[in-house]
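Peer 1: Data file final15.cif (mmCIF, C-alpha atoms) is appended below.
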data_data
loop_
_atom_site.group_PDB
_atom_site.id
_atom_site.type_symbol
_atom_site.label_atom_id
_atom_site.label_comp_id
_atom_site.auth_asym_id
_atom_site.auth_seq_id
_atom_site.Cartn_x
_atom_site.Cartn_y
_atom_site.Cartn_z
ATOM 1 C CA MET A 1 -26.406 11.826 22.394
ATOM 2 C CA LYS A 2 -27.311 9.078 24.836
ATOM 3 C CA PRO A 3 -24.988 8.800 27.854
ATOM 4 C CA LYS A 4 -23.984 5.200 27.089
ATOM 5 C CA LEU A 5 -23.094 6.061 23.485
ATOM 6 C CA SER A 6 -21.084 9.137 24.458
ATOM 7 C CA LEU A 7 -19.296 7.138 27.159
ATOM 8 C CA GLY A 8 -18.472 4.446 24.591
ATOM 9 C CA LEU A 9 -17.087 6.995 22.143
ATOM 10 C CA GLY A 10 -15.077 8.622 24.922
ATOM 11 C CA VAL A 11 -13.547 5.316 25.955
ATOM 12 C CA LEU A 12 -12.764 4.514 22.306
ATOM 13 C CA CYS A 13 -11.038 7.868 21.719
ATOM 14 C CA ALA A 14 -9.149 7.642 25.021
ATOM 15 C CA SER A 15 -7.921 4.137 24.256
ATOM 16 C CA LEU A 16 -6.794 5.213 20.789
ATOM 17 C CA LEU A 17 -5.037 8.315 22.100
ATOM 18 C CA ALA A 18 -3.397 6.279 24.862
ATOM 19 C CA GLY A 19 -1.642 4.301 22.162
ATOM 20 C CA CYS A 20 0.081 7.360 20.645
ATOM 21 C CA ALA A 21 3.509 6.462 19.337
ATOM 22 C CA THR A 22 5.816 7.291 16.518
ATOM 23 C CA PRO A 23 5.158 5.207 13.387
ATOM 24 C CA SER A 24 7.638 2.432 12.683
ATOM 25 C CA HIS A 25 7.736 3.092 8.911
ATOM 26 C CA LEU A 26 7.753 6.027 6.543
ATOM 27 C CA VAL A 27 4.331 5.787 4.866
ATOM 28 C CA PHE A 28 2.804 7.834 2.043
ATOM 29 C CA HIS A 29 -0.998 7.612 2.035
ATOM 30 C CA GLN A 30 -3.675 9.022 -0.287
ATOM 31 C CA SER A 31 -7.394 8.372 0.071
ATOM 32 C CA THR A 32 -10.602 9.437 -1.628
ATOM 33 C CA GLY A 33 -14.046 8.530 -0.390
ATOM 34 C CA ILE A 34 -17.722 9.151 -0.999
ATOM 35 C CA GLY A 35 -20.143 8.035 1.706
ATOM 36 C CA ALA A 36 -19.655 7.585 5.427
ATOM 37 C CA ASP A 37 -16.204 6.880 6.740
ATOM 38 C CA ALA A 38 -14.584 6.560 10.167
ATOM 39 C CA SER A 39 -10.905 5.843 10.599
ATOM 40 C CA ALA A 40 -8.244 5.908 13.290
ATOM 41 C CA ASN A 41 -4.516 6.102 12.894
ATOM 42 C CA THR A 42 -3.097 3.260 14.942
ATOM 43 C CA ASP A 43 0.282 4.986 15.369
ATOM 44 C CA THR A 44 -0.688 8.567 16.224
ATOM 45 C CA GLY A 45 -4.145 7.910 17.677
ATOM 46 C CA GLN A 46 -5.857 10.494 15.461
ATOM 47 C CA VAL A 47 -9.517 9.776 14.724
ATOM 48 C CA HIS A 48 -11.207 10.943 11.524
ATOM 49 C CA VAL A 49 -14.921 10.881 10.675
ATOM 50 C CA ALA A 50 -16.302 12.047 7.327
ATOM 51 C CA PHE A 51 -19.656 12.134 5.542
ATOM 52 C CA GLY A 52 -19.932 12.875 1.830
ATOM 53 C CA TYR A 53 -16.819 13.538 -0.243
ATOM 54 C CA ASP A 54 -13.445 13.431 1.452
ATOM 55 C CA ARG A 55 -9.913 13.461 0.105
ATOM 56 C CA GLN A 56 -6.669 13.208 2.072
ATOM 57 C CA THR A 57 -2.957 13.050 1.415
ATOM 58 C CA ASN A 58 -0.745 12.174 4.372
ATOM 59 C CA THR A 59 2.855 11.283 5.022
ATOM 60 C CA LEU A 60 3.794 9.550 8.246
ATOM 61 C CA ILE A 61 7.429 10.233 9.121
ATOM 62 C CA PRO A 62 8.847 8.207 12.014
ATOM 63 C CA LYS A 63 11.267 9.572 14.572
ATOM 64 C CA THR A 64 14.766 8.220 15.019
ATOM 65 C CA GLU A 65 17.170 8.432 17.933
ATOM 66 C CA THR A 66 19.944 10.990 17.464
ATOM 67 C CA THR A 67 22.192 13.028 19.712
ATOM 68 C CA ASN A 68 22.187 16.800 20.041
ATOM 69 C CA ASP A 69 25.205 19.138 20.211
ATOM 70 C CA HIS A 70 25.698 18.296 23.885
ATOM 71 C CA GLY A 71 25.762 14.562 23.187
ATOM 72 C CA GLU A 72 22.367 14.010 24.774
ATOM 73 C CA PRO A 73 20.007 11.556 23.084
ATOM 74 C CA GLU A 74 16.940 13.035 21.431
ATOM 75 C CA GLN A 75 14.289 11.981 18.975
ATOM 76 C CA GLU A 76 14.166 13.622 15.580
ATOM 77 C CA ALA A 77 12.142 13.038 12.404
ATOM 78 C CA MET A 78 13.993 10.655 10.083
ATOM 79 C CA SER A 79 15.859 12.128 7.109
ATOM 80 C CA VAL A 80 13.872 11.953 3.859
ATOM 81 C CA VAL A 81 14.090 13.568 0.444
ATOM 82 C CA SER A 82 11.244 12.712 -1.883
ATOM 83 C CA ALA A 83 9.277 13.724 -4.948
ATOM 84 C CA SER A 84 5.818 12.284 -5.565
ATOM 85 C CA GLU A 85 3.193 12.685 -8.234
ATOM 86 C CA VAL A 86 -0.211 11.008 -7.967
ATOM 87 C CA LYS A 87 -2.777 11.302 -10.753
ATOM 88 C CA ILE A 88 -6.417 10.649 -9.890
ATOM 89 C CA LYS A 89 -8.918 9.955 -12.656
ATOM 90 C CA TRP A 90 -12.499 10.278 -11.426
ATOM 91 C CA LEU A 91 -12.293 8.596 -8.027
ATOM 92 C CA GLY A 92 -9.718 5.979 -8.866
ATOM 93 C CA LEU A 93 -5.966 6.023 -8.777
ATOM 94 C CA HIS A 94 -4.524 6.429 -12.265
ATOM 95 C CA GLU A 95 -0.789 6.914 -11.967
ATOM 96 C CA VAL A 96 1.788 7.082 -9.187
ATOM 97 C CA THR A 97 5.367 8.274 -9.576
ATOM 98 C CA GLU A 98 7.565 8.394 -6.493
ATOM 99 C CA GLN A 99 11.250 8.821 -5.894
ATOM 100 C CA PHE A 100 12.761 9.103 -2.477
ATOM 101 C CA ALA A 101 15.786 8.461 -0.343
ATOM 102 C CA THR A 102 15.828 7.879 3.394
ATOM 103 C CA GLY A 103 18.317 7.842 6.242
ATOM 104 C CA LYS A 104 21.998 8.186 5.444
ATOM 105 C CA ALA A 105 21.311 8.096 1.698
ATOM 106 C CA ALA A 106 19.037 11.139 2.065
ATOM 107 C CA ARG A 107 21.656 13.070 4.060
ATOM 108 C CA ASN A 108 24.366 12.280 1.496
ATOM 109 C CA LEU A 109 22.136 13.253 -1.421
ATOM 110 C CA ALA A 110 21.217 16.520 0.266
ATOM 111 C CA LEU A 111 24.901 17.492 0.058
ATOM 112 C CA ASP A 112 24.954 16.954 -3.721
ATOM 113 C CA PRO A 113 22.105 18.844 -5.437
ATOM 114 C CA LYS A 114 22.985 17.449 -8.879
ATOM 115 C CA ALA A 115 22.804 13.829 -7.730
ATOM 116 C CA LEU A 116 19.651 14.627 -5.781
ATOM 117 C CA GLY A 117 18.026 16.027 -8.918
ATOM 118 C CA GLN A 118 18.934 12.885 -10.840
ATOM 119 C CA VAL A 119 17.502 10.567 -8.193
ATOM 120 C CA LEU A 120 14.288 12.538 -7.861
ATOM 121 C CA THR A 121 13.607 12.322 -11.598
ATOM 122 C CA LEU A 122 14.568 8.664 -12.157
ATOM 123 C CA THR A 123 11.133 7.379 -13.149
ATOM 124 C CA VAL A 124 9.578 10.610 -14.407
ATOM 125 C CA PRO A 125 8.458 9.861 -17.989
ATOM 126 C CA THR A 126 10.096 11.999 -20.631
ATOM 127 C CA THR A 127 7.684 13.389 -23.208
ATOM 128 C CA GLN A 128 8.591 13.957 -26.836
ATOM 129 C CA PRO A 129 8.468 17.626 -27.891
ATOM 130 C CA THR A 130 5.555 18.380 -30.226
ATOM 131 C CA ARG A 131 6.350 19.736 -33.669
ATOM 132 C CA MET B 1 -8.955 -37.854 -4.649
ATOM 133 C CA SER B 2 -8.117 -37.695 -0.947
ATOM 134 C CA ALA B 3 -10.612 -36.698 1.718
ATOM 135 C CA TRP B 4 -8.851 -33.366 2.269
ATOM 136 C CA ALA B 5 -8.892 -32.613 -1.459
ATOM 137 C CA GLN B 6 -12.596 -33.447 -1.630
ATOM 138 C CA LEU B 7 -13.265 -31.250 1.385
ATOM 139 C CA GLY B 8 -11.292 -28.405 -0.198
ATOM 140 C CA PHE B 9 -13.155 -28.799 -3.475
ATOM 141 C CA VAL B 10 -16.540 -28.738 -1.726
ATOM 142 C CA GLY B 11 -15.458 -25.738 0.343
ATOM 143 C CA MET B 12 -14.364 -23.876 -2.788
ATOM 144 C CA LEU B 13 -17.690 -24.664 -4.496
ATOM 145 C CA ALA B 14 -19.570 -23.420 -1.423
ATOM 146 C CA LEU B 15 -17.603 -20.168 -1.393
ATOM 147 C CA LEU B 16 -18.240 -19.573 -5.101
ATOM 148 C CA ALA B 17 -21.935 -20.521 -4.876
ATOM 149 C CA THR B 18 -22.576 -18.171 -1.968
ATOM 150 C CA GLY B 19 -20.546 -15.282 -3.390
ATOM 151 C CA CYS B 20 -17.956 -15.379 -0.630
ATOM 152 C CA ALA B 21 -14.205 -15.252 -0.369
ATOM 153 C CA CYS B 22 -12.073 -16.155 2.595
ATOM 154 C CA GLY B 23 -8.396 -15.265 2.562
ATOM 155 C CA ARG B 24 -6.930 -16.204 -0.806
ATOM 156 C CA TYR B 25 -9.877 -18.342 -1.965
ATOM 157 C CA GLY B 26 -13.403 -17.687 -3.233
ATOM 158 C CA THR B 27 -15.083 -15.238 -5.580
ATOM 159 C CA VAL B 28 -11.893 -13.517 -6.650
ATOM 160 C CA ALA B 29 -10.013 -13.073 -9.885
ATOM 161 C CA ALA B 30 -6.337 -12.189 -9.722
ATOM 162 C CA ARG B 31 -3.783 -11.083 -12.269
ATOM 163 C CA ARG B 32 -0.104 -11.513 -11.434
ATOM 164 C CA THR B 33 2.180 -9.394 -13.574
ATOM 165 C CA LEU B 34 5.950 -9.668 -13.492
ATOM 166 C CA THR B 35 8.009 -6.815 -14.842
ATOM 167 C CA LYS B 36 11.788 -6.573 -14.855
ATOM 168 C CA THR B 37 11.842 -4.968 -11.408
ATOM 169 C CA ALA B 38 8.408 -5.489 -9.853
ATOM 170 C CA GLU B 39 5.731 -7.998 -9.036
ATOM 171 C CA VAL B 40 2.170 -6.664 -9.407
ATOM 172 C CA ILE B 41 -0.879 -8.556 -8.189
ATOM 173 C CA ASP B 42 -4.344 -7.193 -8.999
ATOM 174 C CA VAL B 43 -7.183 -8.810 -7.056
ATOM 175 C CA TYR B 44 -10.822 -8.312 -8.030
ATOM 176 C CA GLY B 45 -13.474 -9.637 -5.653
ATOM 177 C CA PHE B 46 -17.193 -9.338 -5.056
ATOM 178 C CA GLY B 47 -19.687 -10.537 -2.465
ATOM 179 C CA ALA B 48 -18.660 -11.106 1.126
ATOM 180 C CA LEU B 49 -14.876 -10.904 1.238
ATOM 181 C CA LEU B 50 -13.070 -11.888 4.416
ATOM 182 C CA ARG B 51 -9.339 -11.290 4.701
ATOM 183 C CA PRO B 52 -8.087 -12.768 7.970
ATOM 184 C CA GLY B 53 -4.627 -11.220 7.768
ATOM 185 C CA GLY B 54 -2.097 -9.430 5.631
ATOM 186 C CA VAL B 55 -1.574 -5.716 5.083
ATOM 187 C CA ASP B 56 -5.299 -5.141 4.470
ATOM 188 C CA GLY B 57 -7.011 -7.645 6.716
ATOM 189 C CA GLY B 58 -10.721 -7.086 7.213
ATOM 190 C CA PHE B 59 -14.152 -7.641 5.781
ATOM 191 C CA THR B 60 -15.793 -6.213 2.648
ATOM 192 C CA LEU B 61 -19.384 -6.567 1.552
ATOM 193 C CA GLY B 62 -19.599 -5.474 -2.075
ATOM 194 C CA TRP B 63 -16.930 -5.043 -4.751
ATOM 195 C CA ARG B 64 -13.211 -4.566 -4.211
ATOM 196 C CA HIS B 65 -10.143 -4.137 -6.385
ATOM 197 C CA ALA B 66 -6.759 -4.228 -4.690
ATOM 198 C CA THR B 67 -3.318 -3.856 -6.237
ATOM 199 C CA TYR B 68 -0.253 -5.117 -4.395
ATOM 200 C CA ILE B 69 3.204 -4.214 -5.692
ATOM 201 C CA GLY B 70 6.489 -5.513 -4.395
ATOM 202 C CA PRO B 71 10.054 -5.773 -5.640
ATOM 203 C CA ARG B 72 10.911 -8.655 -7.912
ATOM 204 C CA LEU B 73 13.414 -10.714 -5.994
ATOM 205 C CA SER B 74 14.063 -13.528 -8.465
ATOM 206 C CA HIS B 75 17.288 -13.482 -10.414
ATOM 207 C CA ASP B 76 15.639 -14.249 -13.745
ATOM 208 C CA GLU B 77 14.710 -10.691 -14.655
ATOM 209 C CA THR B 78 14.358 -11.134 -18.390
ATOM 210 C CA ASP B 79 10.814 -12.407 -18.770
ATOM 211 C CA VAL B 80 7.854 -10.043 -18.430
ATOM 212 C CA CYS B 81 4.561 -11.879 -18.165
ATOM 213 C CA ALA B 82 1.021 -11.702 -16.841
ATOM 214 C CA ARG B 83 -1.192 -14.542 -15.707
ATOM 215 C CA TRP B 84 -4.812 -14.645 -14.548
ATOM 216 C CA THR B 85 -6.103 -16.975 -11.850
ATOM 217 C CA PHE B 86 -9.704 -17.438 -10.755
ATOM 218 C CA GLY B 87 -10.826 -18.471 -7.283
ATOM 219 C CA LEU B 88 -7.296 -18.186 -5.904
ATOM 220 C CA VAL B 89 -4.992 -15.250 -5.177
ATOM 221 C CA PRO B 90 -1.283 -15.991 -5.734
ATOM 222 C CA GLU B 91 1.130 -15.190 -2.923
ATOM 223 C CA MET B 92 3.680 -12.395 -3.283
ATOM 224 C CA CYS B 93 7.382 -13.159 -3.075
ATOM 225 C CA ALA B 94 8.036 -10.152 -0.798
ATOM 226 C CA GLU B 95 6.085 -7.885 1.493
ATOM 227 C CA PRO B 96 4.140 -5.335 -0.576
ATOM 228 C CA PHE B 97 5.827 -1.980 -1.013
ATOM 229 C CA PHE B 98 2.709 -0.366 -2.471
ATOM 230 C CA LEU B 99 -0.974 -1.097 -1.952
ATOM 231 C CA ALA B 100 -3.948 0.516 -3.701
ATOM 232 C CA ALA B 101 -7.499 -0.574 -2.901
ATOM 233 C CA THR B 102 -10.858 0.580 -4.243
ATOM 234 C CA SER B 103 -14.013 -0.730 -2.607
ATOM 235 C CA LEU B 104 -17.707 -0.162 -3.224
ATOM 236 C CA GLY B 105 -20.097 -1.219 -0.468
ATOM 237 C CA GLY B 106 -19.344 -1.659 3.198
ATOM 238 C CA GLU B 107 -15.905 -2.385 4.573
ATOM 239 C CA VAL B 108 -13.977 -2.714 7.803
ATOM 240 C CA VAL B 109 -10.248 -2.942 7.231
ATOM 241 C CA LYS B 110 -7.034 -2.783 9.232
ATOM 242 C CA TYR B 111 -4.101 -1.364 7.318
ATOM 243 C CA PRO B 112 -0.686 -1.226 9.033
ATOM 244 C CA THR B 113 -1.243 2.399 10.058
ATOM 245 C CA VAL B 114 -5.017 2.876 9.769
ATOM 246 C CA LEU B 115 -8.079 1.139 11.141
ATOM 247 C CA GLN B 116 -11.153 2.168 9.170
ATOM 248 C CA ALA B 117 -14.822 1.459 8.564
ATOM 249 C CA GLN B 118 -16.722 2.875 5.612
ATOM 250 C CA VAL B 119 -19.917 2.654 3.619
ATOM 251 C CA GLY B 120 -19.795 3.887 0.037
ATOM 252 C CA LEU B 121 -16.939 4.201 -2.426
ATOM 253 C CA ARG B 122 -13.374 4.594 -1.239
ATOM 254 C CA THR B 123 -9.896 4.468 -2.756
ATOM 255 C CA ASP B 124 -6.759 4.146 -0.643
ATOM 256 C CA ALA B 125 -3.133 4.059 -1.737
ATOM 257 C CA PHE B 126 -0.276 3.291 0.644
ATOM 258 C CA THR B 127 3.443 3.348 0.001
ATOM 259 C CA PHE B 128 5.324 1.558 2.769
ATOM 260 C CA ALA B 129 8.534 3.363 2.003
ATOM 261 C CA ALA B 130 11.131 2.395 4.582
ATOM 262 C CA HIS B 131 11.676 1.477 8.211
ATOM 263 C CA ALA B 132 12.598 4.292 10.577
ATOM 264 C CA ASP B 133 16.291 3.380 10.717
ATOM 265 C CA GLU B 134 16.639 2.299 7.104
ATOM 266 C CA SER B 135 18.809 3.974 4.468
ATOM 267 C CA ARG B 136 17.217 3.361 1.100
ATOM 268 C CA VAL B 137 16.873 4.880 -2.380
ATOM 269 C CA VAL B 138 13.711 4.049 -4.323
ATOM 270 C CA ALA B 139 12.296 4.976 -7.719
ATOM 271 C CA PHE B 140 8.749 3.823 -8.360
ATOM 272 C CA ARG B 141 6.237 4.278 -11.158
ATOM 273 C CA TYR B 142 2.874 2.587 -11.589
ATOM 274 C CA VAL B 143 0.144 3.194 -14.166
ATOM 275 C CA ALA B 144 -3.186 1.603 -13.249
ATOM 276 C CA GLY B 145 -4.099 0.403 -16.738
ATOM 277 C CA ALA B 146 -0.616 -0.807 -17.607
ATOM 278 C CA PRO B 147 0.874 -2.899 -14.781
ATOM 279 C CA GLU B 148 3.467 -4.322 -17.191
ATOM 280 C CA GLN B 149 5.105 -0.863 -17.207
ATOM 281 C CA THR B 150 5.609 -0.824 -13.447
ATOM 282 C CA ILE B 151 9.072 0.211 -12.286
ATOM 283 C CA LEU B 152 10.288 -0.435 -8.758
ATOM 284 C CA ALA B 153 13.995 0.202 -8.443
ATOM 285 C CA MET B 154 15.062 -0.228 -4.831
ATOM 286 C CA ASN B 155 18.511 -0.067 -3.295
ATOM 287 C CA PRO B 156 19.110 -2.025 -1.174
ATOM 288 C CA LEU B 157 16.587 -4.742 -1.941
ATOM 289 C CA PRO B 158 14.731 -6.227 1.036
ATOM 290 C CA LYS B 159 16.001 -9.558 2.280
ATOM 291 C CA LEU B 160 14.420 -12.669 0.814
ATOM 292 C CA PRO B 161 11.501 -13.966 2.875
ATOM 293 C CA LEU B 162 12.249 -16.938 5.060
ATOM 294 C CA PRO B 163 11.071 -20.272 3.622
#
As structure tokens, please, write out the structure in this file.

Peer 2:
Amino acid sequence: MKPKLSLGLGVLCASLLAGCATPSHLVFHQSTGIGADASANTDTGQVHVAFGYDRQTNTLIPKTETTNDHGEPEQEAMSVVSASEVKIKWLGLHEVTEQFATGKAARNLALDPKALGQVLTLTVPTTQPTR
Amino acid sequence: MSAWAQLGFVGMLALLATGCACGRYGTVAARRTLTKTAEVIDVYGFGALLRPGGVDGGFTLGWRHATYIGPRLSHDETDVCARWTFGLVPEMCAEPFFLAATSLGGEVVKYPTVLQAQVGLRTDAFTFAAHADESRVVAFRYVAGAPEQTILAMNPLPKLPLP
């Protein structure tokens, strides 16, 4: 690799990593690619380069400010309960079914497994039994 | 016809003739589908596609199909309809909750969490679920070939966009 090119890549990676932060939103992400692909996560600073076939499924969970047992502030991953189903046909997205609760709603649902089960199956299609 | 209208008409013709799209105008076909709970906008484009802003701002050279889904905020929730537009992409009533994009060709795009460049075929799907300090319950279902069946039940609903 030529020195100028490697220096440029180094500066790029350093600048991306310098911007590491917790994401502002809870994000579910799926991707499928064939070819050449370079991407960088603008929240975490992670860089990804792929040639050929590549498939990824990611969830970005932000941190929220809470207090520990001693009353000291600390950062913790936000509360989430979720169920997701993604169907891929060939290389395209065919069907997405997602149910989730966040924050206080997630904490309350976690205390009631029956209600949680109902929420996490709200939009799941019911199939007729075959005879 | 006013001078601005004439200029817009000529600009639109130039975009279509050269196989280009800029923002919401150009070589694009869009289908806006309203279901009882969701607004679905499918955008098909080809050629040189420039998107100056939005959740998927960037540049595509080739073919692209993007689907934007947001909650339906209007109070009239009885009618379910679909409408095609050509050369113009309708605006969504709310920020998209879900975005799926398939592109063939070359593309540089800036999503809210990802900056990417690619050559080839790529499909991305994003669900922008909730803000870090938000308490929300959501049930969502989308079938690619049947946007009229889309369900997006969200509690609480996002606030109406400012006029």

Peer 1: Should the cut-off be 7 Å, what would the residue list for chain A against chain B look like, counting all atoms listed in the file, as number ranges by chain?

Peer 2: A: 24-43, 62-64, 78, 92-105, 122-123

Peer 1: What's the separation between CA of Asn68 in chain A and CA of Leu116 in chain A, in Å to one decimal place?

Peer 2: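 We find that CA of Asn68 in chain A and CA of Leu116 in chain A lie 26.0 Å from each other.
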
Peer 1: Between A:Gln118, A:Gly45, A:Leu91, A:Ile61, which one has atoms that come closest to Glu76 in chain A, using all atoms listed in the file?

Peer 2: A:Ile61

Peer 1: Interatomic distance between CA of Thr33 in chain B and CA of Glu95 in chain B?

Peer 2: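 Answer for the CA of Thr33 in chain B to CA of Glu95 in chain B separation: 15.6 Å.
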
Peer 1: Between CA of Ala21 in chain B and CA of Trp84 in chain B, measure the distance and give it in Å to one decimal.

Peer 2: 17.0 Å

Peer 1: Mind telling me what the PyMOL selection byres ((chain B and resi 23) around 7) catches here, as a VMD selection string?

Peer 2: chain B and resid 21 to 22 24 to 25 50 to 52

Peer 1: Could those residues be written to a file, using C-alpha atoms, as a compact mmCIF listing (two decimals), in the frame of the given file?

Peer 2:
# COMPACT_ATOMS: atom_id res chain seq x y z
CA ALA B 21 -14.20 -15.25 -0.37
CA CYS B 22 -12.07 -16.16 2.60
CA ARG B 24 -6.93 -16.20 -0.81
CA TYR B 25 -9.88 -18.34 -1.96
CA LEU B 50 -13.07 -11.89 4.42
CA ARG B 51 -9.34 -11.29 4.70
CA PRO B 52 -8.09 -12.77 7.97

Peer 1: May I ask you to restore N, CA and C atoms in range 110-122 of chain A and write the result as a short mmCIF file (atom, residue, chain, number, x, y, z; two decimals), keeping the file's coordinate frame?

Peer 2:
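Output contents, as saved in out22.cif:
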data_model
loop_
_atom_site.label_atom_id
_atom_site.label_comp_id
_atom_site.auth_asym_id
_atom_site.auth_seq_id
_atom_site.Cartn_x
_atom_site.Cartn_y
_atom_site.Cartn_z
N ALA A 110 21.49 15.11 -0.01
CA ALA A 110 21.22 16.52 0.27
C ALA A 110 22.47 17.37 0.11
N LEU A 111 23.64 16.76 0.22
CA LEU A 111 24.90 17.49 0.06
C LEU A 111 25.29 17.65 -1.41
N ASP A 112 24.62 16.92 -2.30
CA ASP A 112 24.95 16.95 -3.72
C ASP A 112 23.69 17.23 -4.53
N PRO A 113 23.37 18.51 -4.77
CA PRO A 113 22.10 18.84 -5.44
C PRO A 113 21.97 18.21 -6.82
N LYS A 114 23.07 18.03 -7.54
CA LYS A 114 22.98 17.45 -8.88
C LYS A 114 22.54 15.97 -8.81
N ALA A 115 23.18 15.23 -7.91
CA ALA A 115 22.80 13.83 -7.73
C ALA A 115 21.38 13.71 -7.21
N LEU A 116 21.01 14.63 -6.33
CA LEU A 116 19.65 14.63 -5.78
C LEU A 116 18.63 14.83 -6.90
N GLY A 117 18.93 15.77 -7.79
CA GLY A 117 18.03 16.03 -8.92
C GLY A 117 17.89 14.81 -9.82
N GLN A 118 18.99 14.09 -10.00
CA GLN A 118 18.93 12.88 -10.84
C GLN A 118 18.09 11.80 -10.19
N VAL A 119 18.27 11.61 -8.89
CA VAL A 119 17.50 10.57 -8.19
C VAL A 119 16.02 10.91 -8.19
N LEU A 120 15.69 12.16 -7.98
CA LEU A 120 14.29 12.54 -7.86
C LEU A 120 13.57 12.62 -9.21
N THR A 121 14.27 12.35 -10.29
CA THR A 121 13.61 12.32 -11.60
C THR A 121 13.84 10.97 -12.30
N LEU A 122 14.21 9.96 -11.55
CA LEU A 122 14.57 8.66 -12.16
C LEU A 122 13.43 8.06 -12.98
#
